[in-house]
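Chemist: Okay, handing you the structure first.
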Amino acid sequence: MPAVLIEDVHKSYGKLEVLKGVSLSVETGQVVALIGRSGSGKSTMLRCINGLEAFQSGRIEVAGHVVDQDPKRLRALRKDVGIVFQSYNLFPHLTVGQNIMLSPRITKNVPQAEALALAKDVLAQVGLSDKFDSYPDNLSGGQQQRVAIARSLAMQPKVMLFDEVTSALDPELTGEVLLVMEKLAKGGMTMILVTHEMNFARNVANTTVFMHQGKIWEQGPSRELFAAPQTPELQGFVKAGAQG
Amino acid sequence: MPIQFQFEPIFAESDRIVDGVLLTLGLSFGAIVLGLVLAILLVAAKSLLGRWVGLLVDAYVELMRNTPFLVQLFMLFFGLPLLGIRLPGTEAALLAMTLNLSAYATEIIRAGVDSIHRSQLEAGLSLAMTRRQVFQHVVLMPALARVWPALSSQFVLMLLASSICSFIAVPELSGTAAIIEQNTFRSFETYIVVTLIYLVLALTLKVALDRLGRAIFPRISSVDRLDAKAEAA
């Protein structure tokens with residue numbers, strides 16, 4: 001059974017239809033990159049997967065959970081599906097360690113000692129062991145984003161979603177975050193990422209999905225897709241990316 | 001004829017003045033702690049318990065903020081006995097001050113909660129927290145940190161408004177002043193002393209609250225800096 005199964009999902013904001021029947025299947029351990037222009041629906045699609053956005057019709061199943069808006073079922077789902085945001089969204093009043101330990105402590109009743117060990121472990125994975133007692137505002141953007149990834153990992157998710165996680169970063173800080181994500185991918189994490197980093201999509205994602213006007217316009221193995229885009233829209237998009 | 005000040009009769013009543021100051025401080029401290037706790041509970045109820053509870057909280061807040069404190073005090077002191085609840089003056093005063101302060105504090109804290117960026121709530125929910133957990137662990141402290149200066153001035157206002165409790169013969173500082181005035185016939189001197197005491201109390205409370213705020217919320221500024229960064233992104 002695929003880790004993520006999306007079937008004919010439609011979503012509108014009032015009269016504006018932003019997802020016009022999206023279907024996608026992601027196998028366990030696969031990395032899928034969602035690319036496309038602003039407003040193509042890729043971020044909305046991603047946020048539907050963990051229930052941050054409700055959708056009107058269609059069906060999404062992720063890590064064995066069916067996505068609906070029932071709070072209890074959503075919480076069970078979110079224990080298995082992590083998300084990392086463009087703006088990091090660390091809790092500013094808590095230290096790095098507290099940011100990471102908070103949810104395991106209060107949503108999974110992980111004992112303090114175990115939560116502490118878990119936090120140290122995930123911080124080591126993102127290369128920030130020395131920042132345990134720092135506050136978010138004393139970290140660079142890249143470091144904050146790595147902490148946000150660690151905070152998600154501490155929930156021991158089966159699927160990770162990444163919503164333009166490097167878009168708010170200076171170019172020289174982008175690399176350190178992408179490196180952490182590449183390591184995760186190699187470790188077998190199932191990942192769906194919305195990204196503008198075409199090189200990362202080409203080199204790390206197994207599959208790249210090009211979204212256009214609320215639909216999946218074209219998809220395929222990343223290298224093939226970038227080497228030989230079929231539709232004029234993706235050809236234009238890839239070309240514009242290469243120039244920009 | 002030059003004014004002849006005579007402070008000796010006032011100072012002769014210093015024991016009484018000290019008692020009055022202590023009662024003013026006790027009432028104010030009690031109302032601040034209880035009013036703050038009640039306000040946090042009201043904001044939590046409004047945020048978490050749905051539309052009807054929210055409307056009830058709004059009604060309470062508007063009732064308390066749009067009627068005079070003196071009238072509220074009289075309602076409790078003279079009205080409750082009609083319902084069979086007889087409160088001594090000091091308790092009635094503490095209750096009235098707590099209720100009054102809680103309404104203003106509710107409005108202030110609600111503004112703080114509203115100012116917390118939606119992305120913080122999404123981060124909490126995405127980590128499988130319940131809405132109550134998000135409120136308690138993610139929203140509350142940054143919200144309080146942001147509005148602490150506004151809350152502090154409301155607390156100082158309450159300290160000053162406690163003088164109104166002298167109307168129901170509570171012997172706090174202003175009530176004491178009225179007694180001393182009757183005993184000494186030195187009205188002007190009495191209120192010069194009382195004015196200075198209120199001034200010192202209010203300024204001391206303000207400084208103490210500033211320090212307390214810096215101790216409880218060491219990241220006050222960082223909350224806003226992080227948000228500014230997020231907006232810029």
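Lettering and numbering for the structure tokens are positional, with chains as A, B, ... in the shown order, residues counted from 1 in each chain, and ligands counted from 1 in the shown order.
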I want to know what sits within 10 Å of Pro229 (chain A), based on only C-alpha atoms, with residues of the same chain fewer than 4 positions away left out; could you give that as a ChimeraX atom specification?

Modeler: /A:210,218-220,223-225,233-238

Chemist: Need the shell around region 29-37 of chain B: protein/DNA/RNA residues with any atom at most 7 Å away, counting only C-alpha atoms. Skip same-chain ones fewer than 4 positions apart. Format as a list in words?

Modeler: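 Counting only C-alpha atoms, the residues come to Leu25, Leu41, Leu94, Met97, Thr98, Leu99, Leu101, Ser102, Ala105 and Phe155 of chain B.
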
Chemist: Between CA of Gln69 (chain A) and CA of Tyr13 (chain A), what distance in Å does the model show, to one decimal?

Modeler: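 Spanning CA of Gln69 (chain A) to CA of Tyr13 (chain A) is a straight-line distance of 16.5 Å.
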
Chemist: Which one is closest to Thr107 (chain A): B:Thr130, B:Ser187, B:Leu42, B:Phe74? Count only C-alpha atoms.

Modeler: B:Thr130

Chemist: Could you pull out the residues in region 7-94 of chain A that DSSP calls alpha helix (DSSP H) from the backbone, as JSON, numbers by chain?

Modeler: {"A": [42, 43, 44, 45, 46, 47, 48, 49, 71, 72, 73, 74, 75, 76, 77, 78, 79, 80]}

Chemist: I'd like the neighbourhood of region 171-187 of chain A as a ChimeraX atom specification, where a residue qualifies if any of its atoms comes within 9 Å (using only C-alpha atoms), though same-chain residues fewer than 4 positions away should be ignored.

Modeler: /A:29-31,125-127,140-143,145-146,149,165-167,191,200,204-205

Chemist: Would you give me, as a tab-separated table, each residue of chain A having an atom within 9 Å of an atom of chain B, along with its shortest atom pair and that distance in Å to one decimal, using only C-alpha atoms and sorting by chain and residue number?

Modeler:
residue	atom	partner	partner_atom	distance
A:Asn50	CA	B:Ser126	CA	7.4
A:Gly51	CA	B:Ser126	CA	8.6
A:Leu52	CA	B:Glu122	CA	7.3
A:Pro71	CA	B:Thr130	CA	7.9
A:Lys72	CA	B:Thr130	CA	8.6
A:Leu74	CA	B:Ala128	CA	7.6
A:Arg75	CA	B:Ala128	CA	4.6
A:Ala76	CA	B:Ala128	CA	7.1
A:Leu77	CA	B:Ala128	CA	7.9
A:Arg78	CA	B:Ala128	CA	5.0
A:Lys79	CA	B:Ala128	CA	5.6
A:Val81	CA	B:Ser126	CA	8.3
A:Gly82	CA	B:Ser126	CA	7.0
A:Ile83	CA	B:Ser126	CA	6.8
A:Val84	CA	B:Ala123	CA	8.4
A:Phe85	CA	B:Ala123	CA	8.2
A:Gln86	CA	B:Ala233	CA	8.2
A:Ser87	CA	B:Ala230	CA	5.5
A:Tyr88	CA	B:Ala230	CA	8.3
A:Asn89	CA	B:Gln120	CA	5.7
A:Leu90	CA	B:Gln120	CA	7.6
A:Phe91	CA	B:Val138	CA	6.6
A:Pro92	CA	B:Val223	CA	5.7
A:His93	CA	B:Arg219	CA	6.0
A:Leu94	CA	B:Arg219	CA	8.9
A:Leu102	CA	B:His137	CA	8.2
A:Ser103	CA	B:Leu127	CA	6.2
A:Pro104	CA	B:Leu127	CA	8.6
A:Ile106	CA	B:Met129	CA	7.7
A:Thr107	CA	B:Met129	CA	6.0
A:Tyr135	CA	B:Arg219	CA	8.6
A:Pro136	CA	B:Leu226	CA	8.3
A:Asp137	CA	B:Ser222	CA	6.1
A:Arg151	CA	B:Leu127	CA	8.6
A:Ser152	CA	B:Leu127	CA	7.2
A:Met155	CA	B:Leu127	CA	7.6
A:Ser167	CA	B:Ala233	CA	7.9
A:Ala168	CA	B:Ala233	CA	5.1
A:Leu169	CA	B:Ala233	CA	8.2

Chemist: Got a sec: who's within 12 Å of Glu114 (chain A), counting only C-alpha atoms, leaving out chain neighbours fewer than 4 positions off, as JSON, numbers by chain?

Modeler: {"A": [101, 104, 105, 108, 109, 110, 118, 119, 120, 121, 154]}

Chemist: Which residues are close to Leu19 (chain A), i.e. within 7 Å by only C-alpha atoms, leaving aside same-chain residues fewer than 2 positions away? Reply as a list in words.

Modeler: Val9, His10, Lys11, Ser12, Glu17, Gly21, Val22, Gly41, Gly214 and Lys215 of chain A

Chemist: Extract, using only C-alpha atoms, all DNA, RNA and protein residues at most 9 Å from Phe69 (chain B), discarding same-chain residues fewer than 2 positions from it, and format them as a list of chain:residue names.

Modeler: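 Result of the neighbour search: B:Met64, B:Arg65, B:Thr67, B:Val71, B:Gln72, B:Leu73, B:Phe74, B:Ala96, B:Met97, B:Asn100, B:Ala161, B:Ile164.
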